[in-house]
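Chemist: final_33.json is the file, holding JSON, C-alpha atoms:
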[["chain", "number", "residue", "atom", "x", "y", "z"],
["A", 1, "MET", "CA", 67.16, 145.62, 82.38],
["A", 2, "THR", "CA", 66.58, 144.18, 78.95],
["A", 3, "TYR", "CA", 69.02, 142.86, 76.41],
["A", 4, "PRO", "CA", 69.03, 142.88, 72.63],
["A", 5, "THR", "CA", 68.22, 139.62, 70.89],
["A", 6, "PRO", "CA", 69.91, 138.61, 67.64],
["A", 7, "PRO", "CA", 67.49, 137.99, 64.76],
["A", 8, "ASP", "CA", 68.70, 134.39, 64.58],
["A", 9, "GLU", "CA", 68.28, 133.70, 68.31],
["A", 10, "ALA", "CA", 66.55, 130.32, 67.93],
["A", 11, "GLY", "CA", 69.28, 129.05, 65.59],
["A", 12, "ARG", "CA", 71.98, 130.57, 67.77],
["A", 13, "GLN", "CA", 70.59, 128.85, 70.87],
["A", 14, "ALA", "CA", 70.30, 125.51, 69.04],
["A", 15, "ALA", "CA", 73.89, 125.83, 67.83],
["A", 16, "LEU", "CA", 75.08, 126.56, 71.37],
["A", 17, "GLU", "CA", 73.24, 123.56, 72.77],
["A", 18, "SER", "CA", 74.59, 121.31, 70.01],
["A", 19, "PHE", "CA", 78.12, 121.66, 71.41],
["A", 20, "GLY", "CA", 77.12, 120.24, 74.81],
["A", 21, "ILE", "CA", 79.47, 122.64, 76.57],
["A", 22, "LEU", "CA", 77.08, 124.38, 78.97],
["A", 23, "ASP", "CA", 77.61, 123.57, 82.66],
["A", 24, "THR", "CA", 80.72, 121.47, 81.99],
["A", 25, "PRO", "CA", 83.73, 121.67, 84.33],
["A", 26, "ALA", "CA", 86.57, 124.12, 83.80],
["A", 27, "THR", "CA", 89.32, 122.87, 81.50],
["A", 28, "PRO", "CA", 92.98, 123.86, 81.16],
["A", 29, "GLU", "CA", 92.59, 124.78, 77.48],
["A", 30, "PHE", "CA", 90.13, 127.59, 78.17],
["A", 31, "ASP", "CA", 91.77, 128.70, 81.42],
["A", 32, "ARG", "CA", 95.10, 129.02, 79.61],
["A", 33, "LEU", "CA", 93.52, 131.42, 77.11],
["A", 34, "THR", "CA", 91.94, 133.61, 79.78],
["A", 35, "ARG", "CA", 95.20, 133.71, 81.78],
["A", 36, "LEU", "CA", 97.03, 134.82, 78.64],
["A", 37, "ALA", "CA", 94.43, 137.54, 78.08],
["A", 38, "THR", "CA", 94.75, 138.96, 81.59],
["A", 39, "ALA", "CA", 98.52, 139.17, 81.14],
["A", 40, "ALA", "CA", 98.52, 140.47, 77.56],
["A", 41, "PHE", "CA", 95.90, 143.16, 78.24],
["A", 42, "ASP", "CA", 96.86, 143.83, 81.87],
["A", 43, "ALA", "CA", 93.21, 143.22, 82.73],
["A", 44, "PRO", "CA", 91.98, 141.83, 86.05],
["A", 45, "ILE", "CA", 89.14, 139.84, 84.44],
["A", 46, "ALA", "CA", 88.96, 137.64, 81.34],
["A", 47, "LEU", "CA", 86.08, 135.36, 80.41],
["A", 48, "VAL", "CA", 84.93, 132.80, 77.91],
["A", 49, "SER", "CA", 81.24, 133.62, 78.17],
["A", 50, "LEU", "CA", 78.44, 131.63, 76.53],
["A", 51, "LEU", "CA", 74.99, 133.19, 76.21],
["A", 52, "ASP", "CA", 72.29, 130.75, 77.19],
["A", 53, "LYS", "CA", 68.55, 131.51, 77.14],
["A", 54, "ASP", "CA", 68.43, 133.58, 80.34],
["A", 55, "ARG", "CA", 72.04, 133.72, 81.52],
["A", 56, "GLN", "CA", 75.60, 134.15, 80.48],
["A", 57, "TRP", "CA", 77.63, 131.19, 81.68],
["A", 58, "PHE", "CA", 81.41, 131.29, 82.02],
["A", 59, "LYS", "CA", 83.31, 128.34, 80.61],
["A", 60, "SER", "CA", 86.45, 130.05, 81.87],
["A", 61, "CYS", "CA", 86.64, 132.89, 84.32],
["A", 62, "ILE", "CA", 89.72, 134.64, 85.66],
["A", 63, "GLY", "CA", 89.13, 137.40, 88.19],
["A", 64, "LEU", "CA", 85.51, 136.68, 89.18],
["A", 65, "HIS", "CA", 84.03, 134.15, 91.59],
["A", 66, "GLU", "CA", 80.70, 133.86, 89.78],
["A", 67, "THR", "CA", 80.08, 131.16, 87.18],
["A", 68, "SER", "CA", 77.19, 133.00, 85.53],
["A", 69, "THR", "CA", 75.13, 136.17, 85.55],
["A", 70, "PRO", "CA", 71.64, 136.94, 84.28],
["A", 71, "ARG", "CA", 71.61, 137.59, 80.56],
["A", 72, "ASP", "CA", 69.79, 140.88, 81.04],
["A", 73, "VAL", "CA", 72.91, 142.44, 82.62],
["A", 74, "ALA", "CA", 75.42, 140.80, 80.25],
["A", 75, "PHE", "CA", 77.63, 143.09, 78.20],
["A", 76, "CYS", "CA", 78.19, 140.02, 76.02],
["A", 77, "ALA", "CA", 74.52, 140.10, 74.98],
["A", 78, "HIS", "CA", 75.37, 143.34, 73.17],
["A", 79, "ALA", "CA", 78.74, 142.12, 71.89],
["A", 80, "ILE", "CA", 77.20, 139.19, 69.95],
["A", 81, "LEU", "CA", 75.19, 141.53, 67.75],
["A", 82, "SER", "CA", 78.06, 141.90, 65.27],
["A", 83, "ASP", "CA", 81.11, 139.97, 64.16],
["A", 84, "GLU", "CA", 83.29, 142.89, 65.32],
["A", 85, "GLY", "CA", 82.21, 142.62, 68.93],
["A", 86, "LEU", "CA", 82.10, 145.49, 71.36],
["A", 87, "VAL", "CA", 84.47, 147.85, 73.17],
["A", 88, "VAL", "CA", 83.13, 150.05, 75.97],
["A", 89, "PRO", "CA", 85.90, 152.42, 77.16],
["A", 90, "ASP", "CA", 83.87, 153.72, 80.14],
["A", 91, "ALA", "CA", 80.67, 151.91, 81.07],
["A", 92, "LYS", "CA", 79.64, 154.71, 83.44],
["A", 93, "LYS", "CA", 79.45, 157.05, 80.45],
["A", 94, "ASP", "CA", 77.62, 154.60, 78.16],
["A", 95, "SER", "CA", 73.83, 154.91, 78.35],
["A", 96, "ARG", "CA", 73.41, 151.16, 77.69],
["A", 97, "PHE", "CA", 75.38, 150.23, 80.80],
["A", 98, "ALA", "CA", 75.57, 153.20, 83.21],
["A", 99, "ASN", "CA", 72.82, 151.77, 85.46],
["A", 100, "ASN", "CA", 73.83, 148.13, 85.06],
["A", 101, "PRO", "CA", 74.29, 146.47, 88.48],
["A", 102, "LEU", "CA", 77.66, 145.08, 87.28],
["A", 103, "VAL", "CA", 78.76, 148.70, 86.78],
["A", 104, "THR", "CA", 77.17, 150.26, 89.87],
["A", 105, "GLY", "CA", 78.13, 147.29, 92.07],
["A", 106, "THR", "CA", 80.57, 144.39, 92.15],
["A", 107, "PRO", "CA", 82.66, 143.90, 90.00],
["A", 108, "PHE", "CA", 82.34, 147.64, 89.16],
["A", 109, "ILE", "CA", 82.91, 147.23, 85.42],
["A", 110, "ARG", "CA", 84.24, 150.34, 83.74],
["A", 111, "PHE", "CA", 85.98, 148.90, 80.66],
["A", 112, "TYR", "CA", 84.72, 146.00, 78.56],
["A", 113, "ALA", "CA", 86.03, 144.52, 75.32],
["A", 114, "GLY", "CA", 84.51, 141.37, 73.85],
["A", 115, "ALA", "CA", 84.96, 139.49, 70.59],
["A", 116, "PRO", "CA", 82.23, 137.01, 69.65],
["A", 117, "LEU", "CA", 82.73, 133.26, 69.47],
["A", 118, "ILE", "CA", 81.53, 132.58, 65.92],
["A", 119, "THR", "CA", 80.67, 129.13, 64.57],
["A", 120, "ASP", "CA", 81.40, 128.10, 60.98],
["A", 121, "ALA", "CA", 77.68, 128.67, 60.30],
["A", 122, "GLY", "CA", 77.99, 132.25, 61.56],
["A", 123, "TYR", "CA", 76.24, 131.88, 64.92],
["A", 124, "ARG", "CA", 77.68, 133.98, 67.74],
["A", 125, "LEU", "CA", 77.55, 131.76, 70.81],
["A", 126, "GLY", "CA", 79.11, 134.15, 73.30],
["A", 127, "THR", "CA", 82.31, 136.12, 73.68],
["A", 128, "PHE", "CA", 85.90, 136.10, 74.71],
["A", 129, "CYS", "CA", 86.15, 139.25, 76.78],
["A", 130, "ILE", "CA", 88.34, 141.30, 79.04],
["A", 131, "ILE", "CA", 87.07, 143.58, 81.79],
["A", 132, "ASP", "CA", 88.62, 146.25, 83.97],
["A", 133, "ASN", "CA", 87.30, 148.31, 86.87],
["A", 134, "HIS", "CA", 89.08, 151.37, 85.44],
["A", 135, "ALA", "CA", 88.09, 153.24, 82.28],
["A", 136, "ARG", "CA", 90.50, 152.78, 79.37],
["A", 137, "ASP", "CA", 91.07, 154.08, 75.90],
["A", 138, "ASP", "CA", 89.66, 152.14, 72.98],
["A", 139, "LEU", "CA", 91.73, 149.13, 71.91],
["A", 140, "SER", "CA", 94.33, 149.60, 69.21],
["A", 141, "ARG", "CA", 94.02, 147.74, 65.93],
["A", 142, "ALA", "CA", 96.66, 145.22, 67.14],
["A", 143, "GLU", "CA", 94.83, 144.70, 70.44],
["A", 144, "ARG", "CA", 91.52, 144.15, 68.65],
["A", 145, "ALA", "CA", 93.26, 141.58, 66.42],
["A", 146, "MET", "CA", 94.69, 139.82, 69.48],
["A", 147, "LEU", "CA", 91.27, 139.68, 71.15],
["A", 148, "ARG", "CA", 89.79, 138.32, 67.90],
["A", 149, "ASP", "CA", 92.55, 135.67, 67.78],
["A", 150, "LEU", "CA", 91.80, 134.61, 71.36],
["A", 151, "ALA", "CA", 88.09, 134.35, 70.54],
["A", 152, "ASP", "CA", 88.90, 132.26, 67.46],
["A", 153, "LEU", "CA", 91.14, 129.96, 69.52],
["A", 154, "ALA", "CA", 88.36, 129.54, 72.11],
["A", 155, "MET", "CA", 85.86, 128.72, 69.34],
["A", 156, "GLU", "CA", 88.27, 126.20, 67.79],
["A", 157, "THR", "CA", 88.60, 124.58, 71.22],
["A", 158, "ILE", "CA", 84.81, 124.37, 71.54],
["A", 159, "GLU", "CA", 84.55, 122.79, 68.07],
["A", 160, "ARG", "CA", 87.34, 120.29, 68.82],
["A", 161, "GLY", "CA", 85.50, 119.23, 71.97],
["A", 162, "ALA", "CA", 82.32, 118.63, 69.99],
["A", 163, "SER", "CA", 84.11, 116.50, 67.43],
["A", 164, "SER", "CA", 86.04, 114.32, 69.90]]
As C-alpha cells, how would this structure be written, given the file I've shared?
Modeler:
Amino acid sequence: MTYPTPPDEAGRQAALESFGILDTPATPEFDRLTRLATAAFDAPIALVSLLDKDRQWFKSCIGLHETSTPRDVAFCAHAILSDEGLVVPDAKKDSRFANNPLVTGTPFIRFYAGAPLITDAGYRLGTFCIIDNHARDDLSRAERAMLRDLADLAMETIERGASS
C-alpha cells in the first residue's frame, strides 16, 4: 500500500522531530485524553498517533497492544492532509482502505475518525483518533468539535513538554 504525502513533508517531519517526543514512554496526560475519548465516543480504541518517516507511532494507545504500525497502512496518513481531519464511516466500503490489512485483519477497523495535531506553524504531526470495529454514522457537528478539542489538548500537551 502507499500513502499520500503532504506537500510540506520535510518541514512537517522536522517539526515532529523538534519536539523530541518520538519513542518516549507513555505519560498520564496523554493516556487520560485517550481514556476520555473511548468513554465519550463509546469507542474501543483511541490513539495519539504521530506520523514518523515510515511509521505511525502511538504516544498513547487505548485498545491496541501495538505501539506503532507502518505508515503505508495508517489511516492517519490520510487524516493529516487537511486541518479538518478524516471520518471514515465504513472502511470496508471506502476504496482507500477496503484492502488495508488493518481492515481485513486485526484490529478489523470499520470506523475511523481522526483530527490532526496541528502546530502553531501549521504542521500536522499526527492525529488524535478514535476507531471502532463496527461501521458507524458520520460524526455530528458536536462530536467533530469534541474530537478537535481533544486533538488541540494533545497538541498543547506536546508543546508544553517541549518548552519544559
Chemist: Please identify every residue of region 105-137 of chain A that has at least one atom no farther than 7 Å from an atom of region 67-83 of chain A, counting only C-alpha atoms, and for each give the shortest atom pair and the distance in Å to one decimal, arranged by chain then increasing number, as a Markdown table.
Modeler:
| residue | atom | partner | partner_atom | distance |
| --- | --- | --- | --- | --- |
| A:Gly114 | CA | A:Ala79 | CA | 6.1 |
| A:Ala115 | CA | A:Ala79 | CA | 6.9 |
| A:Pro116 | CA | A:Ile80 | CA | 5.5 |
| A:Arg124 | CA | A:Ile80 | CA | 5.7 |
| A:Gly126 | CA | A:Ile80 | CA | 6.3 |
| A:Thr127 | CA | A:Cys76 | CA | 6.1 |
Chemist: I'd like the neighbourhood of Leu117 (chain A) as a PDB file with C-alpha atoms, in the frame of the given file, where a residue qualifies if any of its atoms comes within 12 Å (using all atoms listed in the file), though same-chain residues fewer than 6 positions away should be ignored.
Modeler:
ATOM      1  CA  ARG A  12      71.980 130.570  67.770  1.00  0.00           C
ATOM      2  CA  ALA A  15      73.890 125.830  67.830  1.00  0.00           C
ATOM      3  CA  LEU A  16      75.080 126.560  71.370  1.00  0.00           C
ATOM      4  CA  LEU A  47      86.080 135.360  80.410  1.00  0.00           C
ATOM      5  CA  VAL A  48      84.930 132.800  77.910  1.00  0.00           C
ATOM      6  CA  SER A  49      81.240 133.620  78.170  1.00  0.00           C
ATOM      7  CA  LEU A  50      78.440 131.630  76.530  1.00  0.00           C
ATOM      8  CA  LEU A  51      74.990 133.190  76.210  1.00  0.00           C
ATOM      9  CA  CYS A  76      78.190 140.020  76.020  1.00  0.00           C
ATOM     10  CA  ALA A  79      78.740 142.120  71.890  1.00  0.00           C
ATOM     11  CA  ILE A  80      77.200 139.190  69.950  1.00  0.00           C
ATOM     12  CA  LEU A  81      75.190 141.530  67.750  1.00  0.00           C
ATOM     13  CA  SER A  82      78.060 141.900  65.270  1.00  0.00           C
ATOM     14  CA  ASP A  83      81.110 139.970  64.160  1.00  0.00           C
ATOM     15  CA  GLU A  84      83.290 142.890  65.320  1.00  0.00           C
ATOM     16  CA  GLY A  85      82.210 142.620  68.930  1.00  0.00           C
ATOM     17  CA  TYR A 123      76.240 131.880  64.920  1.00  0.00           C
ATOM     18  CA  ARG A 124      77.680 133.980  67.740  1.00  0.00           C
ATOM     19  CA  LEU A 125      77.550 131.760  70.810  1.00  0.00           C
ATOM     20  CA  GLY A 126      79.110 134.150  73.300  1.00  0.00           C
ATOM     21  CA  THR A 127      82.310 136.120  73.680  1.00  0.00           C
ATOM     22  CA  PHE A 128      85.900 136.100  74.710  1.00  0.00           C
ATOM     23  CA  CYS A 129      86.150 139.250  76.780  1.00  0.00           C
ATOM     24  CA  LEU A 147      91.270 139.680  71.150  1.00  0.00           C
ATOM     25  CA  ARG A 148      89.790 138.320  67.900  1.00  0.00           C
ATOM     26  CA  ASP A 149      92.550 135.670  67.780  1.00  0.00           C
ATOM     27  CA  LEU A 150      91.800 134.610  71.360  1.00  0.00           C
ATOM     28  CA  ALA A 151      88.090 134.350  70.540  1.00  0.00           C
ATOM     29  CA  ASP A 152      88.900 132.260  67.460  1.00  0.00           C
ATOM     30  CA  LEU A 153      91.140 129.960  69.520  1.00  0.00           C
ATOM     31  CA  ALA A 154      88.360 129.540  72.110  1.00  0.00           C
ATOM     32  CA  MET A 155      85.860 128.720  69.340  1.00  0.00           C
ATOM     33  CA  GLU A 156      88.270 126.200  67.790  1.00  0.00           C
ATOM     34  CA  THR A 157      88.600 124.580  71.220  1.00  0.00           C
ATOM     35  CA  ILE A 158      84.810 124.370  71.540  1.00  0.00           C
ATOM     36  CA  GLU A 159      84.550 122.790  68.070  1.00  0.00           C
TER      37      GLU A 159
END
Chemist: Please compute the CA of Arg35 (chain A)-CA of Glu143 (chain A) distance, one decimal, in Å.
Modeler: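 Calculated distance between CA of Arg35 (chain A) and CA of Glu143 (chain A) is 15.8 Å.
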Chemist: Take CA of Val103 (chain A) and CA of Gln56 (chain A) and report the distance between them in Å, one decimal.
Modeler: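 That distance, rounded to one decimal, is 16.2 Å.
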Chemist: Which residue is closest to Gln13 (chain A)? Choose from A:Tyr112, A:Gly161, A:Thr119, A:Phe97 and count all atoms listed in the file.
Modeler: A:Thr119
Chemist: Calculate how many Å separate CA of Gly63 (chain A) from CA of Tyr3 (chain A), rounding to one decimal.
Modeler: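 The value is 23.9 Å.
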Chemist: I need the residue nearest Ala135 (chain A) from this list: A:Ile118, A:Val88, A:Ala40, A:Ile21. Use only C-alpha atoms for the distance.
Modeler: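 Using only C-alpha atoms, Ala135 (chain A) sits closest to A:Val88.
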Chemist: Closest to Ala26 (chain A) among A:Ile62, A:Ala39, A:Ala113, A:Ala121, using only C-alpha atoms?
Modeler: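 Closest candidate: A:Ile62.
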Chemist: For Arg141 (chain A), which of A:Leu22, A:Val87, A:Ile109, A:Leu36 is the closest residue, counting all atoms listed in the file?
Modeler: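 Closest to Arg141 (chain A), using all atoms listed in the file: A:Val87.
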Chemist: Would you mind telling me which residue in A:Phe19, A:Ser60, A:Pro89, A:Glu66 lies nearest to Ser140 (chain A) when using all atoms listed in the file?
Modeler: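 Comparing A:Phe19, A:Ser60, A:Pro89, A:Glu66 against Ser140 (chain A), the winner is A:Pro89.
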Chemist: Pick the closest to Ala10 (chain A) from A:Asp42, A:Arg32, A:Asp52, A:Arg136: which is it, counting only C-alpha atoms?
Modeler: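 Ranking A:Asp42, A:Arg32, A:Asp52, A:Arg136 by distance to Ala10 (chain A), first place goes to A:Asp52.
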Chemist: Hey, could you pull the box centre and edge lengths for region 35-47 of chain A, axis-aligned, 4 Å padding per side, all listed atoms, to one decimal in Å, as AutoDock Vina command-line options?
Modeler:
--center_x 92.3 --center_y 138.8 --center_z 81.8 --size_x 20.4 --size_y 18.1 --size_z 16.5
